[in-house]
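Peer 1: Structure file my_file.txt (compact mmCIF, C-alpha atoms and all ligand atoms) right here:
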# COMPACT_ATOMS: atom_id res chain seq x y z
CA MET H 1 -6.27 11.62 -12.72
CA GLY H 2 -4.95 8.98 -15.09
CA HIS H 3 -2.74 11.77 -16.47
CA PHE H 4 -1.14 12.22 -13.04
CA ALA H 5 1.84 9.83 -12.91
CA THR H 6 2.30 8.05 -9.59
CA GLY H 7 4.38 5.40 -7.93
CA VAL H 8 2.79 2.12 -6.88
CA ALA H 9 2.68 0.62 -3.39
CA VAL H 10 1.14 -2.35 -1.63
CA ILE H 11 -0.62 -1.52 1.64
CA THR H 12 -0.33 -4.45 4.03
CA THR H 13 -2.18 -5.04 7.25
CA ARG H 14 -3.58 -7.95 9.22
CA ASP H 15 -6.90 -9.13 10.54
CA VAL H 16 -7.60 -9.57 14.25
CA ASP H 17 -6.90 -13.30 13.81
CA GLY H 18 -3.50 -12.48 12.28
CA LYS H 19 -4.48 -13.18 8.67
CA PRO H 20 -2.44 -10.93 6.34
CA HIS H 21 -4.20 -8.58 3.92
CA GLY H 22 -2.82 -6.34 1.23
CA LEU H 23 -3.82 -4.31 -1.78
CA THR H 24 -2.13 -2.30 -4.50
CA VAL H 25 -2.61 1.47 -4.25
CA ASN H 26 -1.57 4.70 -5.88
CA ALA H 27 -3.90 7.03 -3.93
CA LEU H 28 -1.11 7.65 -1.46
CA CYS H 29 0.25 10.98 -0.31
CA SER H 30 2.63 12.48 2.20
CA VAL H 31 0.81 14.92 4.51
CA SER H 32 3.03 16.29 7.29
CA LEU H 33 6.69 16.21 8.31
CA ASP H 34 6.19 17.12 11.99
CA PRO H 35 4.65 14.84 13.02
CA PRO H 36 5.32 12.56 10.04
CA LEU H 37 1.93 11.74 8.53
CA LEU H 38 0.74 10.19 5.29
CA LEU H 39 -2.63 9.26 3.89
CA VAL H 40 -3.98 6.44 1.80
CA CYS H 41 -7.45 6.15 0.23
CA LEU H 42 -9.06 2.70 0.40
CA ASP H 43 -12.11 1.56 -1.52
CA LYS H 44 -14.83 0.54 0.95
CA ARG H 45 -15.45 -2.56 -1.20
CA ALA H 46 -11.86 -3.80 -0.83
CA GLU H 47 -11.50 -6.91 1.32
CA SER H 48 -8.57 -5.21 3.05
CA HIS H 49 -10.73 -2.23 4.08
CA PRO H 50 -12.30 -3.63 7.28
CA ALA H 51 -9.04 -5.36 8.25
CA LEU H 52 -7.10 -2.10 8.10
CA GLY H 53 -9.72 -0.29 10.16
CA ARG H 54 -9.60 -2.95 12.87
CA ALA H 55 -5.83 -3.46 12.90
CA GLY H 56 -5.19 0.26 13.35
CA ALA H 57 -1.83 -0.15 11.61
CA PHE H 58 -0.54 -0.64 8.09
CA ALA H 59 2.65 -0.69 6.09
CA VAL H 60 3.29 1.07 2.79
CA ASN H 61 5.48 -1.22 0.66
CA ILE H 62 6.85 0.94 -2.16
CA LEU H 63 7.33 -1.12 -5.31
CA GLY H 64 10.40 -1.13 -7.52
CA HIS H 65 10.43 -1.45 -11.32
CA ARG H 66 10.71 -5.25 -11.12
CA HIS H 67 7.55 -5.59 -9.01
CA GLU H 68 4.82 -5.38 -11.65
CA ASP H 69 3.86 -8.98 -10.85
CA LEU H 70 3.47 -8.09 -7.16
CA SER H 71 1.33 -5.09 -8.08
CA ARG H 72 -0.95 -7.26 -10.23
CA ARG H 73 -1.19 -9.94 -7.55
CA PHE H 74 -2.23 -7.45 -4.86
CA ALA H 75 -4.65 -5.69 -7.22
CA THR H 76 -6.78 -8.85 -7.47
CA SER H 77 -9.23 -9.63 -4.65
CA GLY H 78 -9.45 -13.10 -3.17
CA GLY H 79 -7.06 -16.02 -2.98
CA ASP H 80 -3.88 -16.27 -0.99
CA LYS H 81 -2.07 -13.10 -2.02
CA PHE H 82 0.84 -13.78 0.34
CA GLY H 83 1.51 -17.36 -0.81
CA HIS H 84 5.00 -17.58 -2.34
CA VAL H 85 5.58 -13.88 -1.53
CA SER H 86 8.50 -13.53 0.85
CA HIS H 87 7.45 -11.41 3.84
CA ARG H 88 8.08 -10.86 7.52
CA VAL H 89 6.30 -9.25 10.46
CA GLY H 90 7.08 -5.57 11.00
CA ARG H 91 7.37 -3.61 14.24
CA THR H 92 3.69 -2.72 14.24
CA GLY H 93 2.73 -6.39 13.74
CA VAL H 94 1.70 -6.03 10.11
CA PRO H 95 3.29 -8.01 7.25
CA ILE H 96 6.19 -6.41 5.36
CA LEU H 97 7.11 -7.52 1.83
CA ASP H 98 10.78 -8.41 1.34
CA GLY H 99 12.85 -6.74 -1.37
CA VAL H 100 10.68 -3.66 -1.93
CA LEU H 101 12.07 -0.17 -2.52
CA GLY H 102 10.85 1.23 0.76
CA VAL H 103 8.68 0.44 3.76
CA VAL H 104 6.76 2.96 5.86
CA GLU H 105 5.00 1.50 8.89
CA CYS H 106 2.15 3.59 10.26
CA ARG H 107 -0.41 3.71 13.06
CA VAL H 108 -3.87 4.84 11.96
CA ILE H 109 -4.66 8.12 13.76
CA ALA H 110 -7.78 9.10 11.81
CA ALA H 111 -10.22 7.69 9.27
CA HIS H 112 -12.29 10.09 7.17
CA ASP H 113 -15.32 9.08 5.18
CA ALA H 114 -14.82 10.09 1.52
CA GLY H 115 -17.53 8.89 -0.85
CA ASP H 116 -16.90 5.27 -1.78
CA HIS H 117 -13.44 5.43 -0.17
CA THR H 118 -12.08 5.97 3.33
CA ILE H 119 -9.08 8.24 3.83
CA TYR H 120 -6.79 6.66 6.42
CA LEU H 121 -4.32 9.03 8.03
CA GLY H 122 -1.25 7.23 9.34
CA GLU H 123 1.48 8.42 11.70
CA VAL H 124 4.85 7.03 10.65
CA GLU H 125 6.45 4.67 13.20
CA HIS H 126 9.26 3.10 11.22
CA LEU H 127 11.00 3.59 7.87
CA GLU H 128 13.21 1.45 5.65
CA ALA H 129 14.59 2.35 2.23
CA SER H 130 16.84 0.76 -0.36
CA GLU H 131 18.27 1.80 -3.72
CA GLY H 132 16.53 1.11 -7.01
CA ASP H 133 14.18 2.51 -9.63
CA PRO H 134 10.46 2.77 -8.87
CA LEU H 135 7.48 1.16 -10.56
CA LEU H 136 5.32 3.89 -12.08
CA PHE H 137 1.68 4.03 -13.15
CA PHE H 138 0.45 6.43 -15.83
CA ARG H 139 -2.68 6.40 -17.98
CA GLY H 140 -3.62 2.88 -16.93
CA LYS H 141 -0.22 1.34 -17.69
CA TYR H 142 2.85 0.39 -15.73
CA ARG H 143 5.90 2.45 -16.67
CA ARG H 144 9.57 2.74 -15.83
CA LEU H 145 11.85 5.71 -15.46
CA SER H 146 13.79 6.32 -18.64
CA GLY H 147 16.89 8.49 -19.01
CA ASN H 148 18.07 10.62 -16.12
C1 LIG X 1 -2.04 0.76 -10.05
C2 LIG X 1 -3.22 0.49 -9.16
C3 LIG X 1 -3.54 1.43 -8.18
C4 LIG X 1 -4.63 1.20 -7.29
N1 LIG X 1 -4.89 2.13 -6.32
C5 LIG X 1 -5.86 1.89 -5.42
C6 LIG X 1 -6.06 2.80 -4.34
O1 LIG X 1 -5.37 3.80 -4.19
N2 LIG X 1 -7.04 2.49 -3.43
C7 LIG X 1 -7.82 1.37 -3.54
O2 LIG X 1 -8.69 1.15 -2.70
N3 LIG X 1 -7.64 0.48 -4.57
C8 LIG X 1 -6.68 0.71 -5.48
N4 LIG X 1 -6.45 -0.18 -6.50
C9 LIG X 1 -7.34 -1.34 -6.63
C10 LIG X 1 -7.04 -2.43 -5.60
O3 LIG X 1 -5.67 -2.82 -5.65
C11 LIG X 1 -7.92 -3.67 -5.89
O4 LIG X 1 -9.27 -3.30 -5.79
C12 LIG X 1 -7.64 -4.85 -4.99
O5 LIG X 1 -8.17 -6.00 -5.61
C13 LIG X 1 -8.26 -4.77 -3.61
O6 LIG X 1 -7.88 -5.97 -2.94
P1 LIG X 1 -8.71 -6.56 -1.71
O7 LIG X 1 -10.16 -6.58 -2.12
O8 LIG X 1 -8.14 -7.95 -1.50
O9 LIG X 1 -8.46 -5.66 -0.53
C14 LIG X 1 -5.40 0.02 -7.41
C15 LIG X 1 -5.06 -0.91 -8.40
C16 LIG X 1 -3.98 -0.69 -9.26
C17 LIG X 1 -3.63 -1.70 -10.31
Turn the structure described in the file into structure tokens.
Peer 2:
Amino acid sequence: MGHFATGVAVITTRDVDGKPHGLTVNALCSVSLDPPLLLVCLDKRAESHPALGRAGAFAVNILGHRHEDLSRRFATSGGDKFGHVSHRVGRTGVPILDGVLGVVECRVIAAHDAGDHTIYLGEVEHLEASEGDPLLFFRGKYRRLSGN
């Protein structure tokens, strides 16, 4: 699957006590237009995994080509990932990262056991998008669009 080029996003959610959680993902896929559904696969070992299950909501923060540092930060467990990262609270109560390429806020409508991951199916509640080039991931490296 390393030969399958993807975008990169940070999934954000919050714990029952309001503590923000987030992790970098590329196992992310649109599923249905009517109703609007998407899925994300989360490693059961990720610290964000139980938080997302309990919160029942998450945001997909789609990263732009200048966000490699954000991707690396949210791909490392532990520490205060949100310190010095400008963010706000979205409509579903989860944190939203400022300045990203797009935001898709979702309610979890199903969770499917899938080996060492859980597939979370989210129904889209709110969308935001802005212009810019995406951050890409291909064969273990961050990439940028080149040419047209
Ligand atoms: C480009 C990239 C894509 C990733 N995709 C996923 C993914 O789809 N699902 C997942 O669970 N982890 C994925 N990871 C790994 C998590 O970001 C990483 O395990 C993170 O530290 C988990 O954070 P947490 O333990 O604080 O929740 C990816 C990492 C990178 C760099």
Peer 1: Please list, as a VMD selection string, the residues that have an atom at most 12 Å away from (8.8, -2.1, -12.8) in the coordinates of this file, counting all atoms listed in the file.
Peer 2: chain H and resid 7 to 9 62 to 72 100 to 101 132 to 137 141 to 146
Peer 1: Name the closest residue to Pro50 (chain H) among the candidates H:Val16, H:Val124, H:Leu28, H:Val94; distances are taken between atoms, counting all atoms listed in the file.
Peer 2: H:Val16
Peer 1: Considering all atoms listed in the file, state which residue in the set H:Ser130, H:Thr118, H:Ser30, H:Ser86 is at the smallest distance from Arg45 (chain H).
Peer 2: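 Using all atoms listed in the file, the shortest distance to Arg45 (chain H) belongs to H:Thr118.
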Peer 1: What does the list of residues within 9 Å of ligand LIG 1 (chain X) look like if you count only C-alpha atoms and all ligand atoms, written as number ranges by chain?
Peer 2: H: 6-11, 21-28, 40-51, 71-79, 81, 117-118, 136-138, 140-142
Peer 1: Let me make sure I understand: among H:Leu39, H:Ala59, H:Cys106, H:Leu97, which one has the smallest atom-to-atom distance to Tyr120 (chain H) if we use only C-alpha atoms?
Peer 2: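 That would be H:Leu39, the residue with the smallest distance to Tyr120 (chain H).
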Peer 1: How far is it from CA of Cys29 (chain H) to CA of Gly93 (chain H), in Å with one decimal?
Peer 2: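 Value for the CA of Cys29 (chain H)-CA of Gly93 (chain H) distance: 22.5 Å.
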Peer 1: What's the separation between CA of Asn61 (chain H) and CA of Glu123 (chain H), in Å to one decimal place?
Peer 2: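 Atom-to-atom, CA of Asn61 (chain H) and CA of Glu123 (chain H) are spaced 15.2 Å apart.
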Peer 1: Pick the closest to His126 (chain H) from H:Ile109, H:Val104, H:Leu38, H:Val85: which is it, counting all atoms listed in the file?
Peer 2: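 Smallest separation from His126 (chain H) among the options: H:Val104.
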Peer 1: Show which residues sit within 8 Å of Pro95 (chain H), as a VMD selection string. Count only C-alpha atoms, and ignore same-chain residues fewer than 5 positions away.
Peer 2: chain H and resid 12 to 14 20 59 87 to 90
Peer 1: Quick one: region 53-97 of chain H with C-alpha atoms, as a short mmCIF file (atom, residue, chain, number, x, y, z; two decimals), in the first residue's frame?
Peer 2:
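Okay, this is what ended up in out.cif:
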data_model
loop_
_atom_site.label_atom_id
_atom_site.label_comp_id
_atom_site.auth_asym_id
_atom_site.auth_seq_id
_atom_site.Cartn_x
_atom_site.Cartn_y
_atom_site.Cartn_z
CA GLY H 53 -14.78 5.86 20.61
CA ARG H 54 -16.07 7.65 23.70
CA ALA H 55 -16.46 11.10 22.14
CA GLY H 56 -18.54 9.73 19.28
CA ALA H 57 -17.33 12.58 17.08
CA PHE H 58 -14.18 13.55 15.22
CA ALA H 59 -12.86 16.05 12.73
CA VAL H 60 -10.77 15.30 9.65
CA ASN H 61 -8.23 18.12 9.27
CA ILE H 62 -6.85 17.84 5.73
CA LEU H 63 -3.23 18.98 5.61
CA GLY H 64 -1.73 21.33 3.05
CA HIS H 65 1.79 21.12 1.60
CA ARG H 66 3.19 23.38 4.34
CA HIS H 67 1.94 21.12 7.15
CA GLU H 68 4.62 18.43 7.23
CA ASP H 69 5.59 19.60 10.73
CA LEU H 70 1.98 19.20 11.90
CA SER H 71 1.84 15.72 10.40
CA ARG H 72 5.03 14.70 12.22
CA ARG H 73 3.83 16.20 15.49
CA PHE H 74 0.53 14.31 15.39
CA ALA H 75 2.25 11.09 14.31
CA THR H 76 4.15 10.93 17.62
CA SER H 77 2.34 9.58 20.70
CA GLY H 78 2.53 11.38 24.01
CA GLY H 79 3.25 14.96 25.00
CA ASP H 80 1.10 17.99 24.42
CA LYS H 81 0.39 17.73 20.71
CA PHE H 82 -1.87 20.80 20.74
CA GLY H 83 0.58 23.13 22.52
CA HIS H 84 1.51 26.02 20.20
CA VAL H 85 -0.89 24.64 17.56
CA SER H 86 -3.60 27.18 16.84
CA HIS H 87 -7.01 25.50 17.13
CA ARG H 88 -10.62 26.14 18.03
CA VAL H 89 -13.66 24.11 19.06
CA GLY H 90 -15.83 22.89 16.19
CA ARG H 91 -19.60 22.45 16.03
CA THR H 92 -19.42 18.88 17.28
CA GLY H 93 -17.26 19.95 20.24
CA VAL H 94 -14.02 18.50 18.92
CA PRO H 95 -10.86 20.57 18.29
CA ILE H 96 -10.31 21.96 14.78
CA LEU H 97 -6.83 22.95 13.57
#
